[in-house]
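These notes are about the structure you will find just below.
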There are 2 protein chains.
Amino acid sequence: MQAWRGYIDTVGPLAAALEADLAQFGLTNGDYEVLAWLSEADDEQMRMCDLAERLRLSPSGLTRRLDGLVSGGLVERAPSVADRRVMMAQLTRRGRRLIETAAPDHVDSVRRHLIDLLTPAEIAALGSAFDKVRAHLRDEQNDPS
Amino acid sequence: MQAWRGYIDTVGPLAAALEADLAQFGLTNGDYEVLAWLSEADDEQMRMCDLAERLRLSPSGLTRRLDGLVSGGLVERAPSVADRRVMMAQLTRRGRRLIETAAPDHVDSVRRHLIDLLTPAEIAALGSAFDKVRAHLRDEQNDPS
DNA sequence: ACCAGTTGCTTGCGGTAGCAACGATTGTAG
DNA sequence: CTACAATCGTTGCTACCGCAAGCAACTGGT
């Protein structure tokens, strides 16, 4: 329970610190994640619904988040040829250049604020612990016994 | 970095799962924390500003959160006799009964979703890891080198 | 006693998120 | 082929939170 209190008091400030480092690029954590996922996708584009799932965002939430990125010229919407219901979120050249600039800095930020502070054993424990929690949450959702 | 991705994908759903369990009492995670802190305080009351700091909330954020709890009859505002600028957030009888009912359930929820899934070594690693991160964030804030 | 600076809480505003509802499109069963 | 269900994205609504501004009250120096 002590560990739990520590968790509560750490998660928020940690996210805030990372977001502060990202601000120099005009990005929020959420924006960064959109660009990161798109940059790793085939043709640097994804269906809105798939992207929403990856980002753990509701459809409406993603619509509005993308609005911001589109007006910033980092992403554009393109209708899918295969399914006219579908909108593809497509990374623009500007978006690609920005994420390529910001990514190393962000990775470094994660290292400074988290990874480099911990022993390899602690990192491994964190990884396996979160894997277990995530697996448990998935099971619970699929089988609401 | 893999551990980092796992962290990102776990923290949000975990908070959501706990919030879902708390919903049966009509409480959010934030509401619960207010009541929990107040129930542990002397005379079950705290100064707004101290409470805001504990909750990592801005003053305005706490004002609105308390609005909700006050209209729900769980907390009331009382002017401080020592300093007339200060408002005390005071747990009501209803608030005390609710937190006393909800707390065991919430603790159990944390166990089910987190603690019971992990080995003692993993729990210890989580605790020390977050302690280090939190200490580092504090240092950084006090000495923005 | 007075005035400047600080502290504490509230309010207006903007940004972000989820849910419910909707229109458009696709898939499927009869 | 036609009806019906499911999927996809957007929009209206509501709620939450932080920042900046404002007002009240306290503090310390003159």
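Here's how to read the names in the structure tokens: chain A, B, ... by the order shown, residue numbers from 1 in each chain, ligand numbers from 1 in the order shown.
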
Test item: residues at most 12 Å from Arg5 in chain A, only C-alpha atoms (C1' of nucleotides), excluding those fewer than 3 positions along its chain, as a CSV table (one decimal) with N, CA and C atoms, in the first residue's frame:
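Below is the file that was written, result38.csv:
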```csv
chain,number,residue,atom,x,y,z
A,1,MET,N,0.8,-1.2,0.0
A,1,MET,CA,0.0,0.0,0.0
A,1,MET,C,0.9,1.3,0.0
A,2,GLN,N,2.0,1.1,0.6
A,2,GLN,CA,3.0,2.2,0.6
A,2,GLN,C,3.5,2.4,-0.9
A,8,ILE,N,0.9,6.5,-7.1
A,8,ILE,CA,0.0,7.6,-7.3
A,8,ILE,C,0.7,9.0,-7.4
A,9,ASP,N,1.7,9.2,-6.5
A,9,ASP,CA,2.3,10.4,-6.4
A,9,ASP,C,3.4,10.6,-7.5
A,10,THR,N,3.7,9.6,-8.2
A,10,THR,CA,4.8,9.6,-9.2
A,10,THR,C,4.3,9.7,-10.6
A,11,VAL,N,3.3,9.0,-10.9
A,11,VAL,CA,2.8,8.9,-12.3
A,11,VAL,C,2.5,10.2,-12.9
B,33,GLU,N,-9.8,10.3,-3.4
B,33,GLU,CA,-8.6,10.8,-2.7
B,33,GLU,C,-8.9,12.0,-1.8
B,36,ALA,N,-10.3,10.4,1.3
B,36,ALA,CA,-9.3,9.7,2.0
B,36,ALA,C,-8.3,10.6,2.8
B,37,TRP,N,-7.9,11.6,2.1
B,37,TRP,CA,-7.0,12.6,2.9
B,37,TRP,C,-7.7,13.2,4.0
B,54,ARG,N,-1.5,18.1,-1.6
B,54,ARG,CA,-1.5,16.7,-1.5
B,54,ARG,C,-2.1,16.0,-2.7
B,55,LEU,N,-3.1,16.6,-3.3
B,55,LEU,CA,-3.8,16.0,-4.4
B,55,LEU,C,-3.1,16.3,-5.7
B,107,VAL,N,-9.4,-0.7,-1.4
B,107,VAL,CA,-8.1,-1.4,-1.1
B,107,VAL,C,-8.1,-2.7,-1.8
B,110,VAL,N,-7.4,-2.4,-5.4
B,110,VAL,CA,-6.0,-2.2,-5.7
B,110,VAL,C,-5.2,-3.6,-5.6
B,126,LEU,N,9.1,-1.9,-7.6
B,126,LEU,CA,8.2,-0.8,-7.9
B,126,LEU,C,8.3,0.3,-6.9
B,127,GLY,N,8.3,-0.1,-5.7
B,127,GLY,CA,8.4,1.0,-4.6
B,127,GLY,C,9.6,1.8,-4.7
B,130,PHE,N,9.9,4.0,-8.0
B,130,PHE,CA,9.1,5.2,-8.0
B,130,PHE,C,9.7,6.2,-7.0
B,131,ASP,N,10.2,5.7,-5.9
B,131,ASP,CA,10.9,6.6,-4.9
B,131,ASP,C,12.0,7.3,-5.6
B,134,ARG,N,10.6,9.9,-8.1
B,134,ARG,CA,10.0,11.0,-7.4
B,134,ARG,C,11.1,11.9,-6.8
```

Open item on the list: Can you tell me which residues surround Val86 in chain A at a distance of at most 8 Å, considering only C-alpha atoms (C1' of nucleotides), apart from same-chain residues fewer than 5 positions away, and format the answer as a list in words?
Closed with: Arg47, Met48, Pro79 and Ser80 of chain A; DC8 and DG9 of chain D

Task: Interface list for chain D, partner chain B, 10 Å threshold, only C-alpha atoms (C1' of nucleotides), as a ChimeraX atom specification - done: /D:16-19,24-26

Convert the current residue selection to file output with C-alpha atoms (C1' of nucleotides), as a PDB file, in the first residue's frame.
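Okay, again.pdb is ready:
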```pdb
ATOM      1  C1'  DC D  16     -12.707  18.112 -15.771  1.00  0.00           C
ATOM      2  C1'  DC D  17      -8.506  20.763 -15.220  1.00  0.00           C
ATOM      3  C1'  DG D  18      -5.003  24.513 -15.587  1.00  0.00           C
ATOM      4  C1'  DC D  19      -3.860  29.385 -16.259  1.00  0.00           C
ATOM      5  C1'  DA D  24     -10.134  39.441   0.399  1.00  0.00           C
ATOM      6  C1'  DA D  25      -7.076  38.960   4.169  1.00  0.00           C
ATOM      7  C1'  DC D  26      -2.640  38.717   6.313  1.00  0.00           C
TER       8       DC D  26
END
```

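Distances from A:Gln45, A:Gly68, A:Gln24, A:Asn29 to chain B were compared using only C-alpha atoms, and the smallest one belongs to A:Asn29.
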
Open item on the list: Could you go through chain A and tell me which residues DSSP, when run on the backbone, assigns to helix (DSSP H, G or I), listing them as a PyMOL selection string?
Closed with: chain A and resi 2-25+29-40+42-44+48-55+59-71+93-113+115-117+120-142

- [ ] Could you please tell me, as a ChimeraX atom specification, which residues of chain C have an atom within 8 Å of chain B when using only C-alpha atoms (C1' of nucleotides)?
- [x] /C:8-10

TODO: Identify which of the residues A:Ala41, A:Ala89, A:Ala3, A:Leu66 lies closest to Leu114 in chain B, counting only C-alpha atoms when measuring atom-to-atom distances.
DONE: A:Ala3

Task: Spatial neighbours of range 96-100 of chain B, max dist 8 Å, only C-alpha atoms (C1' of nucleotides), sep filter under 4 positions, as a PyMOL selection string - done: chain B and resi 25+32+35-36+39+74+91-92+104

Task: Option closest in space to chain B, from A:Arg56, A:Ala20, A:Asp43, A:Gln90 [counting only C-alpha atoms] - done: A:Arg56
